[in-house]
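Next up, data_28.csv (CSV, C-alpha atoms):
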chain,number,residue,atom,x,y,z
A,9,MET,CA,-22.8,24.9,5.0
A,10,GLN,CA,-21.1,24.1,1.7
A,11,ASN,CA,-18.1,22.0,1.1
A,12,ALA,CA,-16.6,24.6,-1.2
A,13,LYS,CA,-16.8,27.2,1.5
A,14,ILE,CA,-14.9,25.1,4.0
A,15,HIS,CA,-12.3,23.4,1.8
A,16,LYS,CA,-10.6,26.2,0.0
A,17,ASN,CA,-7.3,24.5,0.1
A,18,HIS,CA,-6.3,21.2,-1.2
A,19,PHE,CA,-2.9,19.6,-1.5
A,20,TYR,CA,-0.8,16.6,-2.7
A,21,VAL,CA,0.9,14.7,0.0
A,22,SER,CA,4.1,16.7,0.8
A,23,ALA,CA,6.6,17.3,3.5
A,24,PRO,CA,8.3,20.7,3.9
A,25,LEU,CA,12.0,20.9,3.0
A,26,LYS,CA,12.2,17.2,2.1
A,27,ASN,CA,11.7,16.3,5.7
A,28,GLY,CA,12.5,12.7,6.5
A,29,ILE,CA,15.0,12.1,3.7
A,30,GLY,CA,17.8,12.7,6.1
A,31,ARG,CA,16.7,13.1,9.7
A,32,TYR,CA,13.3,14.2,10.9
A,33,VAL,CA,13.0,17.9,11.8
A,34,CYS,CA,10.3,19.1,14.1
A,35,GLN,CA,8.5,21.9,12.2
A,36,LEU,CA,7.1,23.7,15.2
A,37,GLN,CA,9.4,26.6,16.2
A,38,ARG,CA,7.6,28.8,18.6
A,39,VAL,CA,4.6,28.6,20.9
A,40,THR,CA,3.0,31.5,22.7
A,41,LEU,CA,0.5,30.9,25.5
A,42,LYS,CA,-1.6,33.9,26.1
A,43,PHE,CA,-3.8,33.8,29.2
A,44,CYS,CA,-5.4,35.8,32.0
A,45,LYS,CA,-4.5,35.3,35.6
A,46,THR,CA,-8.0,36.0,36.9
A,47,ARG,CA,-10.5,34.9,34.2
A,48,GLY,CA,-12.3,31.7,34.8
A,49,ASP,CA,-12.0,30.4,31.3
A,50,SER,CA,-8.2,30.6,31.5
A,51,LYS,CA,-8.2,28.1,34.3
A,52,GLY,CA,-7.3,25.2,32.1
A,53,ILE,CA,-4.4,26.9,30.5
A,54,ARG,CA,-3.2,28.0,33.9
A,55,ASP,CA,-3.4,24.4,35.1
A,56,PHE,CA,-1.4,23.3,32.1
A,57,ILE,CA,1.3,25.9,32.7
A,58,GLU,CA,1.5,24.9,36.4
A,59,SER,CA,1.8,21.1,35.9
A,60,TYR,CA,2.8,20.2,32.4
A,61,LEU,CA,4.5,23.0,30.7
A,62,VAL,CA,8.0,22.4,32.0
A,63,ASP,CA,7.9,18.8,31.0
A,64,TYR,CA,6.7,19.8,27.5
A,65,ALA,CA,9.6,22.3,27.2
A,66,LYS,CA,12.1,19.7,28.4
A,67,SER,CA,10.9,17.0,26.0
A,68,ASN,CA,10.8,19.4,23.0
A,69,PRO,CA,14.1,21.4,23.2
A,70,GLY,CA,13.6,22.6,19.6
A,71,VAL,CA,10.5,24.6,20.5
A,72,VAL,CA,10.6,28.0,22.1
A,73,VAL,CA,7.8,28.6,24.6
A,74,TYR,CA,6.6,32.1,25.5
A,75,LEU,CA,4.1,33.0,28.2
A,76,LYS,CA,2.1,36.1,27.9
A,77,PRO,CA,-0.2,36.9,30.9
A,78,ARG,CA,-2.7,39.5,29.7
A,79,ARG,CA,-5.3,41.0,32.0
A,80,HIS,CA,-8.9,40.2,31.0
A,81,ARG,CA,-8.0,38.8,27.7
A,82,PRO,CA,-9.1,35.4,26.3
A,83,ALA,CA,-6.7,32.4,26.5
A,84,MET,CA,-5.0,31.7,23.2
A,85,LEU,CA,-2.3,29.3,21.8
A,86,THR,CA,-0.2,30.7,18.9
A,87,MET,CA,2.0,28.3,17.1
A,88,GLU,CA,4.7,29.4,14.6
A,89,PHE,CA,6.1,26.9,12.1
A,90,LEU,CA,9.3,26.6,10.1
A,91,ASN,CA,7.4,27.2,6.9
A,92,GLY,CA,6.4,30.7,8.1
A,93,GLU,CA,2.8,29.7,8.9
A,94,ARG,CA,1.1,30.8,12.1
A,95,HIS,CA,-1.7,29.0,13.7
A,96,GLU,CA,-3.9,30.3,16.4
A,97,LEU,CA,-6.2,28.3,18.7
A,98,SER,CA,-8.6,29.8,21.2
A,99,CYS,CA,-8.4,27.7,24.4
A,100,CYS,CA,-11.1,29.4,26.5
A,101,GLN,CA,-12.7,26.9,28.8
A,102,PHE,CA,-10.3,24.1,27.9
A,103,ASP,CA,-9.1,21.9,30.7
A,104,GLY,CA,-5.3,21.5,31.2
A,105,PHE,CA,-5.2,18.1,29.6
A,106,THR,CA,-6.9,19.3,26.4
A,107,VAL,CA,-4.5,22.2,26.1
A,108,GLY,CA,-1.6,19.7,26.4
A,109,GLN,CA,-3.2,17.4,23.8
A,110,PHE,CA,-3.5,20.2,21.3
A,111,LEU,CA,0.0,21.4,21.9
A,112,ASN,CA,1.3,17.8,21.3
A,113,LEU,CA,-0.8,17.7,18.1
A,114,TYR,CA,0.7,20.9,16.7
A,115,THR,CA,4.2,19.8,17.6
A,116,LYS,CA,3.9,17.0,15.1
A,117,CYS,CA,2.3,19.0,12.4
A,118,SER,CA,4.0,20.5,9.4
A,119,GLY,CA,2.3,23.9,9.7
A,120,ARG,CA,0.2,23.4,6.6
A,121,GLN,CA,-3.2,25.1,6.7
A,122,GLU,CA,-6.2,22.9,7.0
A,123,SER,CA,-6.6,21.4,3.6
A,124,ARG,CA,-8.0,18.5,1.8
A,125,LEU,CA,-5.9,15.7,0.5
A,126,ILE,CA,-6.0,15.1,-3.3
A,127,ASN,CA,-4.3,11.8,-3.2
A,128,VAL,CA,-2.9,9.6,-0.5
A,129,GLN,CA,0.4,9.1,-2.2
A,130,TYR,CA,3.1,11.2,-3.9
A,131,THR,CA,5.9,9.9,-6.0
A,132,ASN,CA,8.5,11.4,-8.3
A,133,HIS,CA,8.9,8.0,-10.0
A,134,PRO,CA,5.5,7.0,-11.3
A,135,SER,CA,6.8,4.0,-13.3
A,136,ILE,CA,10.0,2.0,-13.0
A,137,GLN,CA,9.3,-0.9,-15.4
A,138,GLY,CA,7.6,1.4,-17.9
A,139,PRO,CA,3.9,1.5,-18.7
A,140,TRP,CA,2.3,-1.9,-19.5
A,141,THR,CA,1.3,-2.6,-23.0
A,142,PRO,CA,-0.1,-5.7,-24.5
A,143,TRP,CA,3.4,-6.4,-25.9
A,144,THR,CA,5.2,-6.1,-22.7
A,145,ASN,CA,7.3,-9.2,-22.1
A,146,ARG,CA,6.2,-10.6,-25.5
A,147,ASN,CA,8.4,-12.0,-28.2
A,148,PRO,CA,9.1,-8.9,-30.4
A,149,GLU,CA,8.8,-11.1,-33.6
A,150,MET,CA,5.1,-10.9,-32.9
A,151,ALA,CA,5.1,-7.3,-34.0
A,152,VAL,CA,5.7,-8.2,-37.6
A,153,ALA,CA,4.4,-11.8,-37.5
A,154,ASP,CA,1.8,-12.9,-40.0
A,155,LEU,CA,-0.4,-14.9,-37.7
A,156,ILE,CA,-2.7,-16.1,-40.5
A,157,HIS,CA,-0.3,-17.3,-43.2
A,158,ASP,CA,2.9,-18.0,-41.4
A,159,LYS,CA,2.8,-21.6,-40.5
A,160,LYS,CA,5.0,-21.2,-37.4
A,161,TRP,CA,2.7,-18.7,-35.8
A,162,ARG,CA,-0.4,-20.5,-37.0
A,163,GLU,CA,0.6,-23.6,-35.1
A,164,MET,CA,1.4,-21.6,-31.9
A,165,TYR,CA,-1.6,-19.3,-31.7
A,166,ASN,CA,-4.4,-20.5,-33.9
A,167,LYS,CA,-4.8,-24.2,-34.1
A,168,ALA,CA,-8.2,-24.2,-35.7
A,169,PRO,CA,-8.1,-24.5,-39.5
A,170,SER,CA,-8.6,-21.2,-41.4
A,171,ALA,CA,-11.6,-20.6,-43.7
A,172,THR,CA,-9.3,-21.1,-46.8
A,173,GLU,CA,-8.2,-24.4,-45.5
A,174,MET,CA,-11.7,-25.5,-44.7
A,175,VAL,CA,-12.8,-24.6,-48.3
A,176,LEU,CA,-9.8,-26.4,-49.7
A,177,GLU,CA,-10.7,-29.4,-47.5
A,178,MET,CA,-14.3,-29.3,-48.7
A,179,PHE,CA,-13.1,-29.1,-52.3
A,180,LYS,CA,-10.8,-32.1,-51.8
A,181,GLN,CA,-13.7,-34.1,-50.2
A,182,GLN,CA,-15.9,-33.1,-53.1
A,183,GLN,CA,-13.3,-34.2,-55.6
A,184,ILE,CA,-12.9,-37.6,-53.9
A,185,SER,CA,-16.7,-38.2,-53.8
A,186,ASN,CA,-16.9,-37.2,-57.4
A,187,GLN,CA,-14.2,-39.6,-58.3
A,188,ILE,CA,-16.0,-42.3,-56.4
A,189,GLN,CA,-19.2,-41.6,-58.2
A,190,ILE,CA,-17.4,-41.7,-61.6
A,191,GLU,CA,-15.8,-44.9,-60.7
A,192,GLU,CA,-19.1,-46.4,-59.7
A,193,LYS,CA,-20.8,-45.3,-62.9
A,194,GLN,CA,-17.9,-46.9,-64.9
A,195,ALA,CA,-18.2,-50.0,-63.0
A,196,GLU,CA,-21.9,-50.2,-63.9
B,29,MET,CA,-2.8,3.9,-33.4
B,30,ASN,CA,-0.5,5.0,-30.6
B,31,ILE,CA,0.0,1.5,-29.5
B,32,VAL,CA,0.8,0.3,-33.0
B,33,ARG,CA,3.5,3.1,-33.3
B,34,ASN,CA,4.8,2.2,-29.9
B,35,LEU,CA,5.0,-1.4,-30.9
B,36,SER,CA,6.9,-0.8,-34.1
B,37,LYS,CA,9.3,1.4,-32.3
B,38,LYS,CA,10.0,-1.2,-29.7
B,39,SER,CA,10.3,-4.0,-32.2
B,40,SER,CA,13.0,-2.1,-34.1
B,41,SER,CA,15.0,-0.8,-31.2
B,42,CYS,CA,14.7,-3.4,-28.4
B,43,LEU,CA,14.5,-6.5,-30.5
B,44,ASP,CA,17.2,-8.3,-28.5
B,45,HIS,CA,16.0,-7.9,-25.0
B,46,LEU,CA,12.2,-7.9,-25.3
B,47,ARG,CA,11.4,-11.6,-25.1
B,48,GLY,CA,8.8,-13.7,-23.4
B,49,GLY,CA,8.9,-13.3,-19.6
B,50,GLN,CA,9.0,-16.3,-17.3
B,51,PHE,CA,7.2,-17.1,-14.1
B,52,VAL,CA,9.0,-19.5,-11.9
B,53,SER,CA,8.2,-20.8,-8.5
B,54,LEU,CA,10.8,-20.6,-5.7
B,55,PRO,CA,9.6,-22.8,-2.9
B,56,SER,CA,13.1,-22.6,-1.4
B,57,ARG,CA,14.6,-22.1,2.0
B,58,PHE,CA,12.6,-18.9,2.5
B,59,GLY,CA,9.7,-20.9,3.8
B,60,ILE,CA,7.1,-19.1,1.8
B,61,ALA,CA,6.8,-19.8,-1.9
B,62,THR,CA,8.0,-17.0,-4.0
B,63,THR,CA,7.5,-16.3,-7.7
B,64,ILE,CA,10.2,-14.6,-9.6
B,65,ARG,CA,9.6,-13.0,-12.9
B,66,GLU,CA,12.3,-11.9,-15.2
B,67,ASN,CA,11.3,-9.3,-17.7
B,68,SER,CA,14.2,-9.6,-20.1
B,69,SER,CA,14.8,-13.3,-20.3
B,70,ASN,CA,16.1,-14.5,-23.6
B,71,ALA,CA,14.1,-17.7,-23.8
B,72,ALA,CA,12.0,-17.3,-26.9
B,73,GLY,CA,8.9,-19.4,-26.8
B,74,PRO,CA,9.3,-22.3,-29.3
B,75,LYS,CA,12.9,-23.3,-28.4
B,76,LEU,CA,12.2,-25.4,-25.3
B,77,GLN,CA,13.4,-29.0,-25.5
B,78,VAL,CA,10.8,-31.6,-25.4
B,79,HIS,CA,12.7,-34.5,-24.0
B,80,GLU,CA,13.3,-33.2,-20.6
B,81,PRO,CA,10.7,-33.7,-17.8
B,82,VAL,CA,8.8,-30.5,-16.9
B,83,GLU,CA,10.2,-30.2,-13.4
B,84,SER,CA,13.9,-30.1,-14.3
B,85,LYS,CA,13.1,-27.7,-17.2
B,86,GLU,CA,11.5,-25.3,-14.7
B,87,LYS,CA,14.3,-25.8,-12.3
B,88,THR,CA,17.0,-24.8,-14.9
B,89,ALA,CA,14.9,-21.8,-15.9
B,90,LEU,CA,14.6,-20.8,-12.3
B,91,ASN,CA,18.3,-21.2,-11.7
B,92,GLU,CA,19.1,-19.2,-14.8
B,93,THR,CA,16.8,-16.4,-13.8
B,94,LEU,CA,18.2,-16.3,-10.2
B,95,ARG,CA,21.7,-16.3,-11.5
B,96,LYS,CA,21.0,-13.3,-13.7
B,97,ILE,CA,19.3,-11.4,-10.8
B,98,ASN,CA,22.1,-12.3,-8.5
B,99,SER,CA,24.7,-11.0,-10.9
B,100,LYS,CA,22.8,-7.7,-11.0
B,101,LEU,CA,22.6,-7.5,-7.2
B,102,ALA,CA,26.3,-8.3,-6.9
B,103,ALA,CA,27.2,-5.5,-9.3
B,104,ASN,CA,24.7,-3.1,-7.6
B,105,ALA,CA,23.1,-2.7,-11.0
B,106,GLU,CA,19.5,-3.5,-9.9
B,107,GLY,CA,18.7,0.3,-10.1
B,108,ARG,CA,15.7,1.8,-8.4
B,109,LEU,CA,13.6,-0.7,-6.6
B,110,PHE,CA,9.9,-0.5,-5.9
B,111,ALA,CA,7.7,-2.5,-3.6
B,112,ILE,CA,4.1,-3.0,-2.9
B,113,ILE,CA,3.5,-2.7,0.8
B,114,HIS,CA,0.5,-3.3,2.9
B,115,VAL,CA,0.0,-0.7,5.6
B,116,CYS,CA,-3.1,-0.2,7.8
B,117,GLY,CA,-5.4,-2.1,5.5
B,118,LYS,CA,-4.2,-0.4,2.3
B,119,GLN,CA,-1.7,-1.3,-0.4
B,120,PHE,CA,0.8,1.2,-1.7
B,121,ARG,CA,3.3,1.0,-4.5
B,122,VAL,CA,6.3,2.7,-3.1
B,123,THR,CA,9.9,3.6,-4.2
B,124,PRO,CA,12.5,5.4,-2.1
B,125,GLU,CA,11.6,9.1,-1.2
B,126,ASP,CA,7.9,8.5,-1.8
B,127,LEU,CA,5.4,10.0,0.6
B,128,ILE,CA,2.3,8.1,1.7
B,129,ALA,CA,-0.6,9.3,3.8
B,130,ILE,CA,-2.4,7.0,6.2
B,131,GLU,CA,-5.8,8.1,7.4
B,132,GLY,CA,-7.3,7.1,10.7
B,133,HIS,CA,-5.8,6.2,14.0
B,134,TRP,CA,-2.3,4.7,13.7
B,135,ALA,CA,0.1,4.3,16.5
B,136,PRO,CA,3.6,5.4,15.2
B,137,ASP,CA,4.7,8.8,16.4
B,138,ALA,CA,6.3,11.6,14.5
B,139,GLY,CA,10.0,11.2,13.9
B,140,GLU,CA,9.9,7.5,14.4
B,141,ARG,CA,11.7,5.3,11.9
B,142,ILE,CA,9.7,2.1,11.2
B,143,ARG,CA,10.2,-1.0,9.1
B,144,LEU,CA,7.3,-1.9,6.9
B,145,GLU,CA,7.2,-5.7,7.0
B,146,LYS,CA,4.3,-6.6,4.8
B,147,VAL,CA,5.9,-6.6,1.4
B,148,LEU,CA,3.8,-8.2,-1.4
B,149,LEU,CA,6.0,-7.5,-4.3
B,150,LEU,CA,9.4,-6.2,-5.1
B,151,GLY,CA,10.5,-5.0,-8.5
B,152,SER,CA,13.2,-3.3,-10.4
B,153,ARG,CA,13.6,-2.4,-14.0
B,154,ASP,CA,14.6,-5.9,-15.0
B,155,PHE,CA,13.0,-8.3,-12.6
B,156,THR,CA,10.0,-8.7,-10.2
B,157,VAL,CA,9.8,-10.9,-7.1
B,158,VAL,CA,6.2,-11.7,-6.2
B,159,GLY,CA,5.2,-13.0,-2.7
B,160,LYS,CA,2.6,-15.6,-2.2
B,161,PRO,CA,1.1,-13.5,-0.6
B,162,LEU,CA,4.0,-11.9,1.3
B,163,LEU,CA,7.7,-11.9,0.7
B,164,PRO,CA,9.8,-13.3,3.6
B,165,GLN,CA,10.9,-10.7,6.0
B,166,GLU,CA,14.6,-11.5,5.8
B,167,LEU,CA,14.6,-11.0,2.1
B,168,VAL,CA,13.3,-7.4,1.7
B,169,SER,CA,13.4,-4.5,4.1
B,170,VAL,CA,11.4,-1.3,3.5
B,171,GLU,CA,12.1,1.5,6.0
B,172,ALA,CA,10.1,4.7,6.5
B,173,THR,CA,10.1,7.8,8.7
B,174,VAL,CA,7.0,9.2,10.2
B,175,VAL,CA,7.1,12.8,8.9
B,176,GLU,CA,3.9,14.2,10.2
B,177,LYS,CA,1.0,13.4,12.5
B,178,SER,CA,-1.8,15.9,11.9
B,179,LEU,CA,-5.5,16.0,11.2
B,180,SER,CA,-7.4,15.7,8.0
B,181,HIS,CA,-9.6,18.5,6.7
B,182,THR,CA,-12.9,19.1,8.6
B,183,ARG,CA,-15.5,16.6,7.4
B,184,ILE,CA,-19.2,17.2,7.6
B,185,HIS,CA,-21.4,14.4,8.8
B,186,PHE,CA,-25.0,15.6,8.1
B,187,LYS,CA,-28.0,13.6,9.3
B,188,LYS,CA,-31.5,14.3,8.3
B,189,ILE,CA,-34.8,12.6,8.6
B,190,PRO,CA,-37.2,13.8,5.8
B,191,ARG,CA,-40.4,15.2,7.2
B,192,GLY,CA,-39.1,14.3,10.7
B,193,ASN,CA,-38.2,17.8,11.8
B,194,TYR,CA,-34.7,16.5,12.5
B,195,ASN,CA,-31.3,17.4,11.2
B,196,ARG,CA,-27.9,17.4,12.8
B,197,THR,CA,-24.5,18.6,11.5
B,198,HIS,CA,-21.5,17.0,13.0
B,199,LEU,CA,-18.0,18.1,12.1
B,200,HIS,CA,-15.0,15.9,12.6
B,201,ARG,CA,-11.3,15.6,11.7
B,202,GLU,CA,-9.5,12.3,11.3
B,203,PRO,CA,-5.9,11.6,12.3
B,204,LEU,CA,-3.6,11.7,9.4
B,205,THR,CA,-0.1,10.3,9.3
B,206,ILE,CA,2.4,11.0,6.6
B,207,LEU,CA,5.3,8.6,5.9
B,208,ARG,CA,8.5,9.1,4.0
B,209,ILE,CA,9.9,5.9,2.5
B,210,ASN,CA,13.7,5.9,3.2
B,211,TYR,CA,14.9,2.9,1.4
B,212,ILE,CA,14.0,-0.5,-0.1
B,213,LYS,CA,16.7,-3.1,0.1
B,214,ILE,CA,17.2,-6.7,-0.9
B,215,ASN,CA,18.9,-8.1,2.2
B,216,GLU,CA,20.6,-11.3,0.8
B,217,GLN,CA,21.3,-12.9,-2.4
B,218,LEU,CA,18.3,-14.7,-3.8
B,219,VAL,CA,20.2,-17.8,-4.7
B,220,SER,CA,21.5,-19.7,-1.8
B,221,SER,CA,23.5,-22.9,-2.1
B,222,LYS,CA,20.3,-24.8,-1.4
B,223,ALA,CA,18.2,-23.0,-4.1
B,224,SER,CA,20.8,-23.6,-6.7
B,225,GLU,CA,21.1,-27.3,-6.0
Re-express the file's structure as structure tokens.
Amino acid sequence: MQNAKIHKNHFYVSAPLKNGIGRYVCQLQRVTLKFCKTRGDSKGIRDFIESYLVDYAKSNPGVVVYLKPRRHRPAMLTMEFLNGERHELSCCQFDGFTVGQFLNLYTKCSGRQESRLINVQYTNHPSIQGPWTPWTNRNPEMAVADLIHDKKWREMYNKAPSATEMVLEMFKQQQISNQIQIEEKQAE
Amino acid sequence: MNIVRNLSKKSSSCLDHLRGGQFVSLPSRFGIATTIRENSSNAAGPKLQVHEPVESKEKTALNETLRKINSKLAANAEGRLFAIIHVCGKQFRVTPEDLIAIEGHWAPDAGERIRLEKVLLLGSRDFTVVGKPLLPQELVSVEATVVEKSLSHTRIHFKKIPRGNYNRTHLHREPLTILRINYIKINEQLVSSKASE
């Protein structure tokens, strides 16, 4: 079994017809329950019809429910959605409770085919404050600042003496020591 | 190279409002300490006065920042807000009309409108309010609608013991909830009479 064989579809998080921006709209429109009155494996769906179906139809007034008794045919749930998709579920040998659970599940679905999520989030506004750069919230003078020679910036960002300054300092020290030596010689 | 170009563009066009941002602490009446960062403050670095004690300097900076934010809020000029919310063990950066998917079992039902209470950060174009770690509930409200409760794609759980003559393939689908963010609101003015004192 290969992943590629199973996951043909993949999708970004989406909701049909901008669902949820105003009110929530149930996407399931039509349910058809096909079953046999005699077959043993239709027992579960018959139980469901007997005990739960009226409650389901009452609590979901937006969903149309059809019953199709068919002699010696397997039990089947067919769901039709607002986006035009049609899902079929074989419910042979299901018990009544399981049929109800699947029906509840499909009532809350959007009708999208089984597909793999690419990302857990979708946005039309990927950035509000703009992309971050190293200069975000920095003083714009920094852009043209001469950090090495300008004394103002040197003091702020680079307190260690520069190489030039160190050489100058060394030269100054040398001058002083030379001067001292000369003075000592003259004194002798 | 791109960055350099970007920088030079910014420095020429936005010289006036791109200045050093401030971080100020707001341990005010909200109970939880909150940090407010203003992106376009006009306090350039070296101009701070030396004589004032640090605390009052921070306080004035805070008040100035809050005043600016409040004037934006009062004029409804804060623009599109975004928030970082914590849902079901994950953090999302959301803005109104976003969709987020939550994998795994989660109680809210389809069509329900819920308020996401764990808000870590709130931002707009010009300012950011950072919680430590959460923002107080009465300050920000983020509401969302549960748009869909379905199942993920079929996942394969394959077990095998090498040389053990044993392998099992299990298929499972996890519950998947899709949320639509309806709005993000700042509920009250940031500055109260207490905070501005």
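Within 6 Å of chain B, counting only C-alpha atoms, chain A contributes Gly28, Tyr32, Lys116, Cys117, Glu122, Ser123, Arg124, Val128, Gln129, Tyr130, Thr131, Ile136, Gln137, Asn145, Arg146, Asn147 and Pro148 of chain A.
The coordinates place CA of Pro82 in chain A at 6.3 Å from CA of Cys100 in chain A.
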Compute the distance from (-26.8, 21.2, 11.8) to each atom, counting all atoms listed in the file, keep the residues with any atom at most 10 Å away, and return them as a list in words; use the coordinates of the file.
-> Met9 of chain A; Ile184, His185, Phe186, Lys187, Lys188, Tyr194, Asn195, Arg196, Thr197, His198 and Leu199 of chain B
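For the pair CA of Val62 in chain A and CA of Pro24 in chain A, the interatomic distance is 28.2 Å.
Between CA of Ile212 in chain B and CA of Val170 in chain B the separation is 4.5 Å.
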I'd like the contact shell of Met164 in chain A - 12 Å cut-off, all atoms listed in the file, skipping same-chain residues fewer than 2 positions apart - returned as a PDB file with C-alpha atoms, in the coordinates of the input.
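Result file is result.pdb:
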ATOM      1  CA  MET A 150       5.100 -10.900 -32.900  1.00  0.00           C
ATOM      2  CA  ALA A 153       4.400 -11.800 -37.500  1.00  0.00           C
ATOM      3  CA  ASP A 154       1.800 -12.900 -40.000  1.00  0.00           C
ATOM      4  CA  LEU A 155      -0.400 -14.900 -37.700  1.00  0.00           C
ATOM      5  CA  ILE A 156      -2.700 -16.100 -40.500  1.00  0.00           C
ATOM      6  CA  ASP A 158       2.900 -18.000 -41.400  1.00  0.00           C
ATOM      7  CA  LYS A 159       2.800 -21.600 -40.500  1.00  0.00           C
ATOM      8  CA  LYS A 160       5.000 -21.200 -37.400  1.00  0.00           C
ATOM      9  CA  TRP A 161       2.700 -18.700 -35.800  1.00  0.00           C
ATOM     10  CA  ARG A 162      -0.400 -20.500 -37.000  1.00  0.00           C
ATOM     11  CA  ASN A 166      -4.400 -20.500 -33.900  1.00  0.00           C
ATOM     12  CA  LYS A 167      -4.800 -24.200 -34.100  1.00  0.00           C
ATOM     13  CA  ALA A 168      -8.200 -24.200 -35.700  1.00  0.00           C
TER      14      ALA A 168
ATOM     15  CA  GLY B  73       8.900 -19.400 -26.800  1.00  0.00           C
ATOM     16  CA  PRO B  74       9.300 -22.300 -29.300  1.00  0.00           C
TER      17      PRO B  74
END
